[in-house]
$ cat run.csv   # CSV, C-alpha atoms and all ligand atoms
chain,number,residue,atom,x,y,z
A,8,MET,CA,72.3,84.6,83.2
A,9,GLU,CA,76.0,84.6,82.6
A,10,LYS,CA,77.2,83.2,79.3
A,11,HIS,CA,78.6,79.6,79.4
A,12,TYR,CA,82.3,79.4,79.1
A,13,SER,CA,84.1,76.3,77.8
A,14,GLN,CA,87.4,75.2,79.3
A,15,GLU,CA,89.2,76.4,76.0
A,16,GLU,CA,87.7,79.8,76.3
A,17,LEU,CA,88.7,80.1,79.9
A,18,LEU,CA,92.2,79.0,79.1
A,19,SER,CA,92.8,81.6,76.5
A,20,LEU,CA,91.2,84.3,78.6
A,21,LYS,CA,93.4,83.3,81.5
A,22,ASP,CA,96.5,83.8,79.4
A,23,MET,CA,95.4,87.2,78.4
A,24,CYS,CA,94.0,88.6,81.7
A,25,LEU,CA,95.7,86.7,84.5
A,26,ALA,CA,99.3,87.3,85.5
A,27,HIS,CA,101.3,84.3,84.6
A,28,ASN,CA,102.6,83.6,88.1
A,29,TYR,CA,101.1,80.1,88.2
A,30,SER,CA,101.6,77.3,85.6
A,31,SER,CA,98.3,75.6,85.8
A,32,PHE,CA,97.1,72.1,85.0
A,33,PRO,CA,94.4,72.1,82.3
A,34,VAL,CA,91.6,71.4,84.7
A,35,THR,CA,88.8,73.8,85.4
A,36,ILE,CA,87.3,73.1,88.8
A,37,VAL,CA,83.7,74.1,89.3
A,38,LYS,CA,82.5,72.3,92.5
A,39,GLY,CA,83.7,70.7,95.6
A,40,GLU,CA,82.2,68.5,98.3
A,41,GLY,CA,84.0,66.6,101.0
A,42,CYS,CA,87.2,65.1,99.6
A,43,TRP,CA,86.0,65.4,96.0
A,44,VAL,CA,85.9,68.1,93.3
A,45,GLN,CA,84.3,68.2,89.9
A,46,ASP,CA,85.7,69.8,86.8
A,47,ILE,CA,83.8,71.7,84.1
A,48,ASN,CA,83.3,68.5,82.1
A,49,GLY,CA,81.7,66.7,85.0
A,50,LYS,CA,84.7,64.5,85.8
A,51,ARG,CA,85.3,63.8,89.5
A,52,TYR,CA,88.6,64.0,91.3
A,53,LEU,CA,89.7,63.0,94.7
A,54,ASP,CA,91.4,66.0,96.2
A,55,MET,CA,94.8,65.0,97.5
A,56,LEU,CA,96.2,68.5,97.7
A,57,SER,CA,93.6,70.1,100.0
A,58,CYS,CA,94.9,73.5,98.8
A,59,TYR,CA,98.2,72.9,100.6
A,60,SER,CA,96.3,72.1,103.9
A,61,ALA,CA,93.9,75.0,103.8
A,62,LEU,CA,91.1,72.4,103.2
A,63,ASN,CA,91.9,70.2,106.2
A,64,PHE,CA,88.1,69.7,106.6
A,65,GLY,CA,87.5,69.2,102.9
A,66,HIS,CA,85.1,71.2,100.7
A,67,LYS,CA,81.8,72.6,102.0
A,68,TYR,CA,82.2,71.2,105.5
A,69,LEU,CA,78.7,71.8,106.8
A,70,ARG,CA,79.5,73.3,110.2
A,71,VAL,CA,82.0,75.7,108.7
A,72,GLU,CA,79.5,76.7,106.0
A,73,LEU,CA,76.8,77.3,108.6
A,74,ALA,CA,79.2,79.4,110.8
A,75,LEU,CA,80.0,81.5,107.8
A,76,ARG,CA,76.3,82.1,106.9
A,77,GLU,CA,75.4,82.8,110.5
A,78,GLN,CA,78.0,85.5,111.0
A,79,LEU,CA,77.3,87.0,107.5
A,80,GLN,CA,73.9,87.8,108.8
A,81,GLU,CA,75.2,89.7,111.8
A,82,LEU,CA,78.4,91.5,111.0
A,83,SER,CA,81.4,90.9,108.7
A,84,THR,CA,83.9,93.8,108.9
A,85,VAL,CA,84.8,96.1,111.7
A,86,PRO,CA,88.0,98.3,112.0
A,87,GLY,CA,90.6,97.0,114.4
A,88,CYS,CA,90.1,100.0,116.7
A,89,PHE,CA,86.7,98.7,117.8
A,90,ILE,CA,85.9,95.7,119.9
A,91,THR,CA,84.0,92.7,118.7
A,92,LYS,CA,83.0,89.6,120.7
A,93,GLU,CA,84.2,87.4,117.8
A,94,LYS,CA,87.7,88.8,117.8
A,95,VAL,CA,88.1,88.6,121.6
A,96,LEU,CA,86.8,85.1,121.8
A,97,PHE,CA,88.7,83.9,118.8
A,98,ALA,CA,91.9,85.1,120.6
A,99,LYS,CA,90.9,83.5,123.9
A,100,GLU,CA,90.0,80.1,122.2
A,101,LEU,CA,93.0,80.0,119.9
A,102,ALA,CA,95.3,80.8,122.8
A,103,GLU,CA,93.8,78.0,124.8
A,104,PHE,CA,94.0,75.6,121.9
A,105,CYS,CA,97.7,76.4,121.6
A,106,GLY,CA,98.4,76.4,125.4
A,107,MET,CA,99.5,80.0,125.0
A,108,GLU,CA,98.3,83.4,126.1
A,109,MET,CA,97.9,85.9,123.4
A,110,VAL,CA,97.0,86.1,119.7
A,111,LEU,CA,97.5,88.6,116.9
A,112,PRO,CA,95.1,87.8,114.0
A,113,MET,CA,96.1,88.4,110.4
A,114,ASN,CA,94.8,87.1,107.0
A,115,THR,CA,97.4,85.3,105.0
A,116,GLY,CA,100.2,83.1,106.1
A,117,ALA,CA,102.9,85.4,104.8
A,118,GLU,CA,101.4,88.3,106.8
A,119,ALA,CA,101.5,86.2,110.0
A,120,VAL,CA,105.2,85.3,109.3
A,121,GLU,CA,106.0,89.0,108.8
A,122,THR,CA,104.1,89.8,112.0
A,123,ALA,CA,106.2,87.2,113.9
A,124,LEU,CA,109.4,88.6,112.5
A,125,LYS,CA,108.5,92.1,113.6
A,126,MET,CA,107.5,90.8,117.0
A,127,ALA,CA,110.9,89.0,117.4
A,128,ARG,CA,112.9,92.0,116.4
A,129,LYS,CA,111.1,94.3,118.8
A,130,TRP,CA,111.3,91.7,121.5
A,131,ALA,CA,115.1,91.6,120.9
A,132,TYR,CA,115.4,95.3,121.3
A,133,VAL,CA,113.2,95.9,124.3
A,134,LYS,CA,113.6,92.7,126.2
A,135,LYS,CA,116.9,91.1,125.2
A,136,GLY,CA,118.9,94.4,124.9
A,137,VAL,CA,120.1,93.8,121.3
A,138,PRO,CA,121.4,97.1,119.9
A,139,VAL,CA,118.6,98.7,117.8
A,140,GLY,CA,119.0,97.8,114.1
A,141,GLU,CA,121.2,94.7,114.8
A,142,ALA,CA,118.7,91.9,115.4
A,143,GLU,CA,119.3,88.7,113.5
A,144,ILE,CA,116.8,86.0,112.8
A,145,ILE,CA,118.0,82.5,111.8
A,146,VAL,CA,116.1,80.4,109.3
A,147,CYS,CA,116.6,77.1,107.5
A,148,SER,CA,117.6,76.2,104.0
A,149,ASP,CA,114.8,75.0,101.8
A,150,ASN,CA,112.3,77.0,103.9
A,151,PHE,CA,109.0,78.2,102.7
A,152,HIS,CA,107.4,81.0,104.7
A,153,GLY,CA,105.5,83.0,102.0
A,154,ARG,CA,106.1,85.4,99.1
A,155,THR,CA,106.5,88.9,100.5
A,156,ILE,CA,109.8,90.8,99.9
A,157,SER,CA,111.2,90.2,103.4
A,158,VAL,CA,110.2,86.6,103.4
A,159,ILE,CA,111.7,85.8,100.0
A,160,SER,CA,114.8,87.6,101.1
A,161,PHE,CA,115.8,84.5,103.1
A,162,SER,CA,114.5,81.9,100.7
A,163,THR,CA,117.1,79.5,99.2
A,164,GLU,CA,115.0,79.0,96.1
A,165,MET,CA,116.7,81.2,93.5
A,166,GLN,CA,113.5,81.8,91.4
A,167,TYR,CA,111.7,83.1,94.4
A,168,LYS,CA,114.2,85.9,95.1
A,169,LYS,CA,116.6,86.4,92.2
A,170,LEU,CA,114.9,89.3,90.4
A,171,PHE,CA,113.1,90.7,93.4
A,172,GLY,CA,115.9,92.4,95.2
A,173,PRO,CA,117.1,94.5,97.0
A,174,HIS,CA,116.5,92.1,99.8
A,175,THR,CA,115.8,92.7,103.5
A,176,PRO,CA,118.9,92.2,105.6
A,177,GLY,CA,119.0,90.6,109.1
A,178,PHE,CA,118.6,86.9,108.3
A,179,LYS,CA,121.0,84.0,108.5
A,180,ILE,CA,120.4,80.7,106.8
A,181,VAL,CA,121.5,77.3,108.4
A,182,PRO,CA,120.9,73.8,107.0
A,183,PHE,CA,117.6,72.3,108.0
A,184,GLY,CA,118.0,69.4,110.4
A,185,ASP,CA,121.4,70.4,111.7
A,186,VAL,CA,121.3,71.6,115.3
A,187,PHE,CA,125.1,72.2,115.4
A,188,ALA,CA,124.8,74.7,112.5
A,189,LEU,CA,122.1,76.5,114.6
A,190,CYS,CA,124.4,76.6,117.6
A,191,ASP,CA,127.2,78.1,115.5
A,192,ALA,CA,125.0,80.7,113.9
A,193,ILE,CA,123.7,82.2,117.2
A,194,THR,CA,125.3,85.4,118.3
A,195,PRO,CA,124.3,87.8,121.1
A,196,ASN,CA,122.2,89.6,118.5
A,197,THR,CA,120.1,86.6,117.6
A,198,ALA,CA,116.4,87.3,118.2
A,199,ALA,CA,114.8,84.2,116.9
A,200,PHE,CA,115.0,80.9,115.1
A,201,LEU,CA,112.2,80.5,112.6
A,202,VAL,CA,111.5,76.9,111.4
A,203,GLU,CA,108.9,74.7,109.8
A,204,PRO,CA,108.7,71.5,112.0
A,205,ILE,CA,108.3,69.6,108.7
A,206,GLN,CA,109.1,71.5,105.5
A,207,GLY,CA,106.1,71.4,103.2
A,208,GLU,CA,106.9,73.2,100.0
A,209,GLY,CA,110.6,72.3,100.5
A,210,GLY,CA,109.7,68.6,99.8
A,211,ILE,CA,107.9,67.2,102.8
A,212,ASN,CA,111.2,67.1,104.7
A,213,VAL,CA,111.0,65.5,108.1
A,214,PRO,CA,113.9,66.5,110.3
A,215,PRO,CA,116.0,63.9,112.2
A,216,ASP,CA,114.3,62.6,115.4
A,217,GLY,CA,115.1,64.9,118.3
A,218,TYR,CA,116.0,67.9,116.1
A,219,LEU,CA,113.2,70.2,117.2
A,220,ASN,CA,113.8,69.4,120.9
A,221,ALA,CA,117.5,70.0,120.5
A,222,CYS,CA,116.9,73.3,118.7
A,223,LEU,CA,114.5,74.4,121.5
A,224,LYS,CA,117.1,73.7,124.1
A,225,VAL,CA,119.7,75.7,122.2
A,226,CYS,CA,117.3,78.6,121.8
A,227,ARG,CA,116.4,78.5,125.5
A,228,ALA,CA,120.1,78.4,126.5
A,229,ASN,CA,120.8,81.5,124.4
A,230,ASN,CA,117.6,83.5,125.1
A,231,VAL,CA,116.5,83.1,121.4
A,232,LEU,CA,112.8,82.8,120.5
A,233,PHE,CA,111.8,79.5,118.9
A,234,MET,CA,109.2,80.3,116.3
A,235,ALA,CA,107.4,77.4,114.7
A,236,ASP,CA,105.8,78.1,111.3
A,237,GLU,CA,102.9,75.6,111.5
A,238,ILE,CA,100.9,77.2,108.8
A,239,GLN,CA,100.9,74.0,106.7
A,240,THR,CA,101.7,71.4,109.4
A,241,GLY,CA,99.5,72.6,112.2
A,242,LEU,CA,95.8,72.0,113.1
A,243,GLY,CA,95.9,68.2,112.7
A,244,ARG,CA,97.7,67.7,109.4
A,245,THR,CA,100.5,65.6,110.7
A,246,GLY,CA,98.4,63.5,113.1
A,247,PHE,CA,98.9,65.9,116.0
A,248,ASP,CA,97.4,69.3,116.7
A,249,PHE,CA,100.9,70.7,115.9
A,250,ALA,CA,103.8,69.0,114.2
A,251,CYS,CA,105.9,70.1,117.2
A,252,ASP,CA,103.8,67.9,119.5
A,253,TYR,CA,105.5,64.8,118.0
A,254,GLU,CA,108.6,65.8,119.9
A,255,GLY,CA,106.7,67.3,122.8
A,256,VAL,CA,108.1,70.7,121.9
A,257,LYS,CA,106.3,73.8,122.9
A,258,PRO,CA,107.6,76.7,120.9
A,259,ASP,CA,107.7,80.3,122.0
A,260,VAL,CA,105.6,81.4,119.0
A,261,TYR,CA,103.2,79.5,116.8
A,262,ILE,CA,102.5,80.9,113.3
A,263,LEU,CA,99.2,79.6,111.9
A,264,GLY,CA,97.1,80.0,108.8
A,265,LYS,CA,95.7,77.9,106.0
A,266,ALA,CA,93.2,75.5,107.8
A,267,LEU,CA,92.5,78.1,110.5
A,268,GLY,CA,90.1,79.7,108.0
A,269,GLY,CA,88.1,76.4,107.7
A,270,GLY,CA,88.9,76.4,103.9
A,271,VAL,CA,86.6,79.3,103.2
A,272,LEU,CA,88.5,82.4,104.3
A,273,PRO,CA,92.1,83.6,104.7
A,274,VAL,CA,92.7,83.5,108.5
A,275,SER,CA,96.1,83.5,110.0
A,276,ALA,CA,97.5,84.3,113.4
A,277,VAL,CA,100.6,84.6,115.6
A,278,VAL,CA,100.2,83.0,119.0
A,279,SER,CA,102.5,83.5,121.9
A,280,SER,CA,103.0,84.5,125.5
A,281,ARG,CA,102.1,87.8,127.1
A,282,GLU,CA,105.8,88.3,127.9
A,283,ILE,CA,106.7,88.2,124.1
A,284,MET,CA,103.6,89.5,122.4
A,285,GLY,CA,103.3,92.2,125.0
A,286,VAL,CA,106.0,94.1,123.1
A,287,PHE,CA,103.3,95.3,120.6
A,288,GLU,CA,101.9,98.7,121.5
A,289,PRO,CA,99.0,100.5,119.8
A,290,GLY,CA,100.1,101.7,116.4
A,291,ASP,CA,103.0,99.2,116.0
A,292,HIS,CA,101.1,96.9,113.7
A,293,GLY,CA,97.8,96.2,112.1
A,294,SER,CA,95.7,95.0,109.2
A,295,THR,CA,92.4,96.2,107.8
A,296,PHE,CA,90.8,92.8,107.6
A,297,GLY,CA,92.9,91.0,110.2
A,298,GLY,CA,90.6,89.8,113.0
A,299,ASN,CA,87.4,90.7,111.3
A,300,PRO,CA,84.4,89.1,112.9
A,301,LEU,CA,83.5,87.0,109.9
A,302,ALA,CA,87.0,85.5,109.8
A,303,CYS,CA,87.1,85.1,113.6
A,304,HIS,CA,83.7,83.4,113.8
A,305,VAL,CA,84.8,80.9,111.1
A,306,GLY,CA,88.2,80.4,112.8
A,307,ARG,CA,86.5,79.6,116.1
A,308,GLU,CA,84.3,77.0,114.4
A,309,ALA,CA,87.3,75.5,112.7
A,310,LEU,CA,89.0,75.0,116.0
A,311,ARG,CA,85.9,73.4,117.5
A,312,VAL,CA,85.5,71.1,114.4
A,313,LEU,CA,89.1,70.0,114.8
A,314,ARG,CA,88.6,69.3,118.5
A,315,GLU,CA,85.2,67.7,118.5
A,316,GLY,CA,85.8,65.7,115.4
A,317,ASN,CA,89.0,64.3,116.7
A,318,LEU,CA,90.6,65.2,113.4
A,319,SER,CA,94.2,65.0,114.5
A,320,MET,CA,93.7,61.4,115.7
A,321,LYS,CA,91.8,60.6,112.4
A,322,ALA,CA,94.7,62.1,110.4
A,323,TYR,CA,97.1,59.9,112.4
A,324,SER,CA,95.3,56.7,111.7
A,325,ALA,CA,94.5,57.5,108.1
A,326,GLY,CA,98.1,58.5,107.7
A,327,VAL,CA,99.4,55.2,109.0
A,328,TYR,CA,97.0,53.3,106.7
A,329,PHE,CA,97.8,55.4,103.6
A,330,SER,CA,101.6,55.3,104.1
A,331,ASN,CA,101.6,51.6,104.7
A,332,ARG,CA,99.7,51.0,101.5
A,333,LEU,CA,102.1,53.4,99.6
A,334,ARG,CA,105.1,51.6,101.0
A,335,ASN,CA,103.9,48.4,99.4
A,336,ILE,CA,104.1,49.8,95.9
A,337,ARG,CA,106.9,48.0,94.1
A,338,SER,CA,108.4,50.4,91.6
A,339,SER,CA,112.0,51.2,90.8
A,340,ASN,CA,111.0,54.8,90.3
A,341,LEU,CA,109.8,55.2,93.9
A,342,ALA,CA,112.7,55.8,96.3
A,343,ARG,CA,111.0,56.5,99.6
A,344,ILE,CA,107.7,57.5,101.3
A,345,ARG,CA,108.2,60.3,103.8
A,346,GLY,CA,106.0,62.5,106.0
A,347,ARG,CA,103.8,62.3,109.0
A,348,GLY,CA,100.1,61.8,109.3
A,349,LEU,CA,98.4,63.0,106.2
A,350,LEU,CA,101.3,65.1,105.0
A,351,ILE,CA,103.0,62.6,102.7
A,352,GLY,CA,105.7,62.8,100.2
A,353,LEU,CA,106.6,60.2,97.5
A,354,GLU,CA,110.2,60.7,96.8
A,355,LEU,CA,111.1,59.6,93.3
A,356,ALA,CA,114.4,57.8,92.5
A,357,PRO,CA,117.1,59.6,90.6
A,358,GLY,CA,116.6,59.2,86.9
A,359,SER,CA,112.8,58.6,87.1
A,360,PRO,CA,110.4,61.0,85.3
A,361,THR,CA,109.7,64.3,87.2
A,362,ALA,CA,107.2,64.5,90.0
A,363,HIS,CA,105.3,67.0,87.8
A,364,SER,CA,104.8,64.4,85.0
A,365,TYR,CA,103.6,61.9,87.6
A,366,CYS,CA,101.1,64.5,89.0
A,367,GLU,CA,99.8,65.0,85.4
A,368,LYS,CA,99.2,61.2,85.1
A,369,LEU,CA,97.6,61.1,88.6
A,370,ILE,CA,95.3,64.0,87.7
A,371,GLU,CA,94.3,62.1,84.5
A,372,GLU,CA,93.4,59.2,86.7
A,373,GLY,CA,91.3,61.5,88.9
A,374,ILE,CA,93.6,62.4,91.7
A,375,LEU,CA,94.3,66.0,92.4
A,376,CYS,CA,97.9,66.4,93.6
A,377,LYS,CA,100.9,68.6,93.1
A,378,GLU,CA,104.7,68.1,93.3
A,379,ALA,CA,106.8,69.7,96.1
A,380,ARG,CA,110.2,70.4,94.4
A,381,THR,CA,111.0,68.4,91.3
A,382,ASP,CA,111.3,64.9,92.8
A,383,VAL,CA,108.6,64.7,95.4
A,384,ILE,CA,104.8,64.0,94.8
A,385,ARG,CA,102.9,65.5,97.7
A,386,LEU,CA,99.8,63.7,98.9
A,387,SER,CA,97.8,65.6,101.6
A,388,PRO,CA,94.1,64.8,101.4
A,389,PRO,CA,91.5,66.4,103.7
A,390,LEU,CA,91.8,64.9,107.2
A,391,ILE,CA,88.2,63.6,106.9
A,392,ILE,CA,89.3,61.1,104.2
A,393,THR,CA,88.0,57.5,104.7
A,394,ASN,CA,89.9,54.3,104.2
A,395,GLU,CA,87.6,53.5,101.2
A,396,GLU,CA,88.6,56.7,99.6
A,397,ILE,CA,92.2,55.9,100.2
A,398,ASP,CA,91.7,52.5,98.6
A,399,TRP,CA,90.1,54.3,95.6
A,400,ALA,CA,93.2,56.4,95.3
A,401,MET,CA,95.6,53.5,95.8
A,402,GLU,CA,94.1,51.7,92.8
A,403,ARG,CA,95.0,54.6,90.6
A,404,ILE,CA,98.4,55.4,92.2
A,405,GLU,CA,99.4,51.7,91.8
A,406,ARG,CA,98.3,51.9,88.1
A,407,VAL,CA,100.4,55.0,87.5
A,408,PHE,CA,103.5,53.3,89.1
A,409,SER,CA,103.0,49.9,87.4
B,501,LIG,C1,101.6,78.4,102.7
B,501,LIG,C2,102.6,78.7,103.7
B,501,LIG,C3,103.0,80.0,104.0
B,501,LIG,C4,102.4,81.2,103.3
B,501,LIG,O1,101.0,81.3,103.5
B,501,LIG,P1,100.1,82.2,102.5
B,501,LIG,O2,98.8,82.2,103.0
B,501,LIG,O3,100.2,81.6,101.1
B,501,LIG,O4,100.7,83.6,102.5
B,501,LIG,C5,103.9,80.2,105.0
B,501,LIG,N1,104.5,79.2,105.6
B,501,LIG,C6,104.2,77.9,105.3
B,501,LIG,C7,104.9,76.8,106.0
B,501,LIG,C8,103.3,77.6,104.3
B,501,LIG,O5,103.0,76.3,103.9

$ encode --input "run.csv" --output "structure tokens"
Amino acid sequence: MEKHYSQEELLSLKDMCLAHNYSSFPVTIVKGEGCWVQDINGKRYLDMLSCYSALNFGHKYLRVELALREQLQELSTVPGCFITKEKVLFAKELAEFCGMEMVLPMNTGAEAVETALKMARKWAYVKKGVPVGEAEIIVCSDNFHGRTISVISFSTEMQYKKLFGPHTPGFKIVPFGDVFALCDAITPNTAAFLVEPIQGEGGINVPPDGYLNACLKVCRANNVLFMADEIQTGLGRTGFDFACDYEGVKPDVYILGKALGGGVLPVSAVVSSREIMGVFEPGDHGSTFGGNPLACHVGREALRVLREGNLSMKAYSAGVYFSNRLRNIRSSNLARIRGRGLLIGLELAPGSPTAHSYCEKLIEEGILCKEARTDVIRLSPPLIITNEEIDWAMERIERVFS
């Protein structure tokens, strides 16, 4: 039997042995079930963070757990140069789910973004005729696409990039929500426009109505790929299968991750057409664990759970119920409720305490949450949350704002 560790012991060990790249809340989580987690002292919390949308089905979702166990008994890891039924069918089913044709499975979100960037560059050279080495990719201010060197190279968050240069060239930044800026930035060398349909980490920023559609039209007119990073917004989170669906926009490329692994494994993917993804040839790209049968089996089940459980619709109605209740809070510190479906941001008024301090109070009340930027409290519970659970949360949120 392993020795029992108290929270104090774990905290001091953490400072000694773990890199200090996260500032953590003093809560040690030991168990999770559905929308709830339990800390080391037995206190229960309603999980309103869902691990940034990785836990769209909540903790220990039975079907996901069974799929994981089932595949563990058969086969878990196979090199990419061999075929597995799981990988092939994952690709087929994910492509169908997205209304696309081809899939390239990876592990983390950042890797899928990198994959999409490589694909866009090669597509520009071999299909569009951009001179080799000159491809440009346009991204938005306040973006979040991950933490690799190339991805932070086009971040507008100083801390993410300042001391991590030299940076990868080939990116242009335009203001999020401004289609004219996108128009102006496009040149004959532009390969792609990479955008989050709603910015998650950037503060739950919903673009003006019609923005995505207008951007798609501009991209089409200029033979530029429209690449939607739906890692956080996709798979039901916003009340639609994809946040792009709200405007009826079908991008050229979907980038998916987080919930694709059912909350139990890192599973990400780039999804596109044969015309675009066809630029990859053997040897161009790969990943040791990307597309492993364990991940693919879980990913397939995650897609089925989403479909058969109607979770996008559930997120839509729960989102309406939750946002309406939040809009009824009367507090001079609360400026606005924004978001879509169950991706909700509480924007604090100028001069009010920080979102971080509000999150600390909410955590004390038993609600797990985290700020997005300094002035937005993000609330993004599992899509399976019930109205009763939302009521439970509202009692505490109201208390914190009174
Ligand atoms: C979380 C996230 C990523 C990065 O995913 P990781 O799995 O952490 O690498 C990329 N884009 C968006 C929109 C995200 O929310």

$ atom_distance --input "run.csv" --atom1 "atom CA of A:Ala356" --atom2 "atom CA of A:Leu375"
21.7 Å

$ residues_near_point --input "run.csv" --point "(115.1, 59.5, 92.2)" --cutoff "10 Å" --atoms "all atoms listed in the file" --output "JSON, numbers by chain"
{"A": [339, 340, 341, 342, 343, 354, 355, 356, 357, 358, 359, 360, 361, 362, 381, 382, 383]}

$ closest_residue --input "run.csv" --among "A:Glu164, A:Glu141, A:Glu237, A:Glu77" --to "ligand LIG 501 (chain B)" --atoms "all atoms listed in the file"
A:Glu237

$ residues_near_ligand --input "run.csv" --ligand "ligand LIG 501 (chain B)" --cutoff "9 Å" --atoms "all atoms listed in the file" --output "PDB file with C-alpha atoms, in the coordinates of the input"
ATOM      1  CA  TYR A  59      98.200  72.900 100.600  1.00  0.00           C
ATOM      2  CA  SER A  60      96.300  72.100 103.900  1.00  0.00           C
ATOM      3  CA  ALA A  61      93.900  75.000 103.800  1.00  0.00           C
ATOM      4  CA  ASN A 114      94.800  87.100 107.000  1.00  0.00           C
ATOM      5  CA  THR A 115      97.400  85.300 105.000  1.00  0.00           C
ATOM      6  CA  GLY A 116     100.200  83.100 106.100  1.00  0.00           C
ATOM      7  CA  ALA A 117     102.900  85.400 104.800  1.00  0.00           C
ATOM      8  CA  GLU A 118     101.400  88.300 106.800  1.00  0.00           C
ATOM      9  CA  ALA A 119     101.500  86.200 110.000  1.00  0.00           C
ATOM     10  CA  VAL A 120     105.200  85.300 109.300  1.00  0.00           C
ATOM     11  CA  ASN A 150     112.300  77.000 103.900  1.00  0.00           C
ATOM     12  CA  PHE A 151     109.000  78.200 102.700  1.00  0.00           C
ATOM     13  CA  HIS A 152     107.400  81.000 104.700  1.00  0.00           C
ATOM     14  CA  GLY A 153     105.500  83.000 102.000  1.00  0.00           C
ATOM     15  CA  ARG A 154     106.100  85.400  99.100  1.00  0.00           C
ATOM     16  CA  THR A 155     106.500  88.900 100.500  1.00  0.00           C
ATOM     17  CA  VAL A 202     111.500  76.900 111.400  1.00  0.00           C
ATOM     18  CA  GLU A 203     108.900  74.700 109.800  1.00  0.00           C
ATOM     19  CA  PRO A 204     108.700  71.500 112.000  1.00  0.00           C
ATOM     20  CA  ILE A 205     108.300  69.600 108.700  1.00  0.00           C
ATOM     21  CA  GLN A 206     109.100  71.500 105.500  1.00  0.00           C
ATOM     22  CA  GLY A 207     106.100  71.400 103.200  1.00  0.00           C
ATOM     23  CA  GLU A 208     106.900  73.200 100.000  1.00  0.00           C
ATOM     24  CA  ASP A 236     105.800  78.100 111.300  1.00  0.00           C
ATOM     25  CA  GLU A 237     102.900  75.600 111.500  1.00  0.00           C
ATOM     26  CA  ILE A 238     100.900  77.200 108.800  1.00  0.00           C
ATOM     27  CA  GLN A 239     100.900  74.000 106.700  1.00  0.00           C
ATOM     28  CA  THR A 240     101.700  71.400 109.400  1.00  0.00           C
ATOM     29  CA  ILE A 262     102.500  80.900 113.300  1.00  0.00           C
ATOM     30  CA  LEU A 263      99.200  79.600 111.900  1.00  0.00           C
ATOM     31  CA  GLY A 264      97.100  80.000 108.800  1.00  0.00           C
ATOM     32  CA  LYS A 265      95.700  77.900 106.000  1.00  0.00           C
ATOM     33  CA  PRO A 273      92.100  83.600 104.700  1.00  0.00           C
ATOM     34  CA  VAL A 274      92.700  83.500 108.500  1.00  0.00           C
ATOM     35  CA  SER A 275      96.100  83.500 110.000  1.00  0.00           C
TER      36      SER A 275
END

$ atom_distance --input "run.csv" --atom1 "atom CA of A:Gln45" --atom2 "atom CA of A:Met23"
24.8 Å

$ atom_distance --input "run.csv" --atom1 "atom CA of A:Ala302" --atom2 "atom CA of A:Gly106"
21.4 Å

$ closest_residue --input "run.csv" --among "A:Cys88, A:Lys169, A:Ser83, A:Ile351" --to "A:Gly290" --atoms "only C-alpha atoms"
A:Cys88

$ residues_around --input "run.csv" --residues "A:Glu108" --least-positions-apart "2" --cutoff "9 Å" --atoms "all atoms listed in the file" --output "list in words"
Ala98, Lys99, Leu101, Ala102, Glu103, Cys105, Gly106, Val110, Val278, Ser279, Ser280, Arg281 and Met284 of chain A

$ closest_residue --input "run.csv" --among "A:Ser57, A:Gln80, A:Asn212, A:Asn196" --to "A:Asn230" --atoms "all atoms listed in the file"
A:Asn196

$ closest_residue --input "run.csv" --among "A:Met107, A:Val407, A:Ile180, A:Leu390" --to "A:Gly65" --atoms "all atoms listed in the file"
A:Leu390

$ residues_around --input "run.csv" --residues "A:Pro215" --least-positions-apart "4" --cutoff "10 Å" --atoms "all atoms listed in the file" --output "compact mmCIF listing (two decimals) with C-alpha atoms, in the frame of the given file"
# COMPACT_ATOMS: atom_id res chain seq x y z
CA PHE A 183 117.60 72.30 108.00
CA GLY A 184 118.00 69.40 110.40
CA ASP A 185 121.40 70.40 111.70
CA VAL A 186 121.30 71.60 115.30
CA LEU A 219 113.20 70.20 117.20

$ closest_residue --input "run.csv" --among "A:Leu318, A:Met113, A:Cys366, A:Ile344" --to "A:Pro389" --atoms "all atoms listed in the file"
A:Leu318
